[in-house]
Amino acid sequence: MLYKTEYKSPIGKLLIVSNETSLIGLWIEGQKYFLSNLKENVIENDNIEILKKTKSWLDSYFKGEKPSISTLSLAPIGSEFRKRVWNILKQIPYGETITYGEIAKKIALQMHKKTMSSQAVGNAVGHNPISIIIPCHRVIGKSGNLTGYAGGIDKKVKLLSIENIDVKQFSMPKNKKV
């Protein structure tokens, strides 16, 4: 059985989904791949403990505090490759960024390969089912490009700003301004 609740955040409405014990999804309303990994019905229930803990974590995060990912039980659904990428995302410190290429190098080392495609990493990052908590917004393109965020670049900028990252140091995609 899966359960859901909503959370109103400074970047818009969030949908939070769990099984009985672990968080399996957190999506920004309207984001790309919204609910894409769920195959069963989801029941509205605000009384599931992990959903309450997730809301508390988000309250803390949006106040500019640095809540620890380890306080939440996470169980994202995805391939082993995607889970490897998401585990690296969980290690990116609050207020810091990493490039897709740097993640690709880490994955290549883990898998005992010479190289790994940055595009494959980007695909896994883009399909992260637990936005914000598994901090895919902290991943940038090489040369400091603010590229690719399933929730939208404007939301990525807002999340980085909450973490006191000076977004003016990054270059924006065409047709976007910081």
# chains A, B, ... in the order shown; residues from 1 in each chain; ligands from 1
>>> residues_around(residues="A:Tyr100", least_positions_apart="2", cutoff="9 Å", atoms="only C-alpha atoms", output="ChimeraX atom specification")
/A:98,102-105,118-119,121-122,125,139-142
>>> closest_residue(among="A:Ser79, A:Ser9, A:Ser171, A:Thr54", to="A:His127", atoms="only C-alpha atoms")
A:Ser79
>>> residues_around(residues="A:Ile134", least_positions_apart="6", cutoff="9 Å", atoms="only C-alpha atoms", output="VMD selection string")
chain A and resid 69 86 to 87 89 to 91 128
>>> write_last_selection(atoms="C-alpha atoms", output="compact mmCIF listing (two decimals), in the first residue's frame")
# COMPACT_ATOMS: atom_id res chain seq x y z
CA ILE A 69 19.10 13.03 5.02
CA TRP A 86 21.17 8.77 -6.25
CA ASN A 87 23.49 7.51 -3.49
CA LEU A 89 23.65 12.72 -4.79
CA LYS A 90 22.89 12.03 -1.11
CA GLN A 91 26.57 12.65 -0.32
CA ASN A 128 15.43 11.11 -9.14
>>> residues_around(residues="A:Met172", least_positions_apart="4", cutoff="12 Å", atoms="only C-alpha atoms", output="PDB file with C-alpha atoms, in the first residue's frame")
ATOM      1  CA  ILE A 140      25.431  21.469 -12.473  1.00  0.00           C
ATOM      2  CA  GLY A 141      26.873  21.180 -15.954  1.00  0.00           C
ATOM      3  CA  SER A 143      31.829  25.078 -16.731  1.00  0.00           C
ATOM      4  CA  GLY A 144      29.151  26.039 -14.201  1.00  0.00           C
ATOM      5  CA  ASN A 145      26.090  25.720 -16.417  1.00  0.00           C
ATOM      6  CA  LEU A 146      22.765  25.590 -14.564  1.00  0.00           C
ATOM      7  CA  THR A 147      21.329  22.878 -16.699  1.00  0.00           C
ATOM      8  CA  GLY A 148      18.722  20.207 -16.356  1.00  0.00           C
ATOM      9  CA  ILE A 153      15.479  25.820 -13.650  1.00  0.00           C
ATOM     10  CA  ASP A 154      13.656  28.536 -11.678  1.00  0.00           C
ATOM     11  CA  LYS A 156      16.664  24.841  -9.007  1.00  0.00           C
ATOM     12  CA  VAL A 157      17.836  28.457  -8.604  1.00  0.00           C
ATOM     13  CA  VAL A 167      23.695  31.430  -8.256  1.00  0.00           C
ATOM     14  CA  LYS A 168      25.168  34.410 -10.118  1.00  0.00           C
ATOM     15  CA  LYS A 176      16.513  32.247 -18.605  1.00  0.00           C
ATOM     16  CA  LYS A 177      17.858  34.836 -16.180  1.00  0.00           C
ATOM     17  CA  VAL A 178      19.065  34.485 -12.594  1.00  0.00           C
TER      18      VAL A 178
END
>>> select_by_dssp(residues="chain A", states="strand (DSSP E)", output="MDAnalysis selection string")
chainID A and resid 2:9 12:18 23:28 42:44 98:99 139:140
>>> write_last_selection(atoms="C-alpha atoms", output="PDB file, in the first residue's frame")
ATOM      1  CA  LEU A   2       1.255   3.480  -0.873  1.00  0.00           C
ATOM      2  CA  TYR A   3       0.289   6.710   0.865  1.00  0.00           C
ATOM      3  CA  LYS A   4       0.500  10.354  -0.146  1.00  0.00           C
ATOM      4  CA  THR A   5       0.244  13.799   1.305  1.00  0.00           C
ATOM      5  CA  GLU A   6       0.809  17.304  -0.028  1.00  0.00           C
ATOM      6  CA  TYR A   7       3.134  20.003   1.240  1.00  0.00           C
ATOM      7  CA  LYS A   8       2.970  23.694   0.361  1.00  0.00           C
ATOM      8  CA  SER A   9       6.505  24.960  -0.124  1.00  0.00           C
ATOM      9  CA  GLY A  12       5.157  25.254  -5.070  1.00  0.00           C
ATOM     10  CA  LYS A  13       3.056  22.302  -4.038  1.00  0.00           C
ATOM     11  CA  LEU A  14       4.958  19.080  -3.348  1.00  0.00           C
ATOM     12  CA  LEU A  15       3.530  15.579  -3.471  1.00  0.00           C
ATOM     13  CA  ILE A  16       5.097  13.180  -0.958  1.00  0.00           C
ATOM     14  CA  VAL A  17       4.594   9.410  -1.298  1.00  0.00           C
ATOM     15  CA  SER A  18       5.592   6.564   1.000  1.00  0.00           C
ATOM     16  CA  LEU A  23       9.715   7.666   1.602  1.00  0.00           C
ATOM     17  CA  ILE A  24       9.571   6.594  -2.054  1.00  0.00           C
ATOM     18  CA  GLY A  25       8.735   9.862  -3.791  1.00  0.00           C
ATOM     19  CA  LEU A  26       8.724  13.638  -3.501  1.00  0.00           C
ATOM     20  CA  TRP A  27       7.755  15.570  -6.598  1.00  0.00           C
ATOM     21  CA  ILE A  28       7.258  19.236  -7.361  1.00  0.00           C
ATOM     22  CA  VAL A  42      -1.809   5.817  -3.808  1.00  0.00           C
ATOM     23  CA  ILE A  43      -4.103   6.654  -0.877  1.00  0.00           C
ATOM     24  CA  GLU A  44      -4.261  10.094   0.769  1.00  0.00           C
ATOM     25  CA  ILE A  98      28.985  18.865  -8.201  1.00  0.00           C
ATOM     26  CA  THR A  99      29.041  18.367 -11.978  1.00  0.00           C
ATOM     27  CA  VAL A 139      24.199  19.036  -9.836  1.00  0.00           C
ATOM     28  CA  ILE A 140      25.431  21.469 -12.473  1.00  0.00           C
TER      29      ILE A 140
END
>>> residues_around(residues="A:Trp57", least_positions_apart="4", cutoff="8 Å", atoms="only C-alpha atoms", output="list of chain:residue names")
A:Lys53, A:Tyr61, A:Pro67
>>> closest_residue(among="A:Thr21, A:Gly101, A:Glu96, A:Asn164", to="A:Lys52", atoms="only C-alpha atoms")
A:Thr21
>>> closest_residue(among="A:Lys106, A:Met1, A:Ala150, A:Ile11", to="A:Asn41", atoms="only C-alpha atoms")
A:Met1
>>> closest_residue(among="A:Gly151, A:Glu40, A:Glu20, A:Tyr94", to="A:Ile130", atoms="only C-alpha atoms")
A:Gly151
>>> closest_residue(among="A:Met116, A:Ile50, A:Ala108, A:Ala124", to="A:Arg82", atoms="only C-alpha atoms")
A:Ala124
>>> select_by_dssp(residues="chain A", states="alpha helix (DSSP H)", output="PyMOL selection string")
chain A and resi 49-62+80-90+100-110+118-126+153-162
>>> atom_distance(atom1="atom CA of A:Ile92", atom2="atom CA of A:Asp46")
29.7 Å
>>> closest_residue(among="A:Gly126, A:Phe170, A:His137, A:Ala120", to="A:Pro93", atoms="only C-alpha atoms")
A:His137
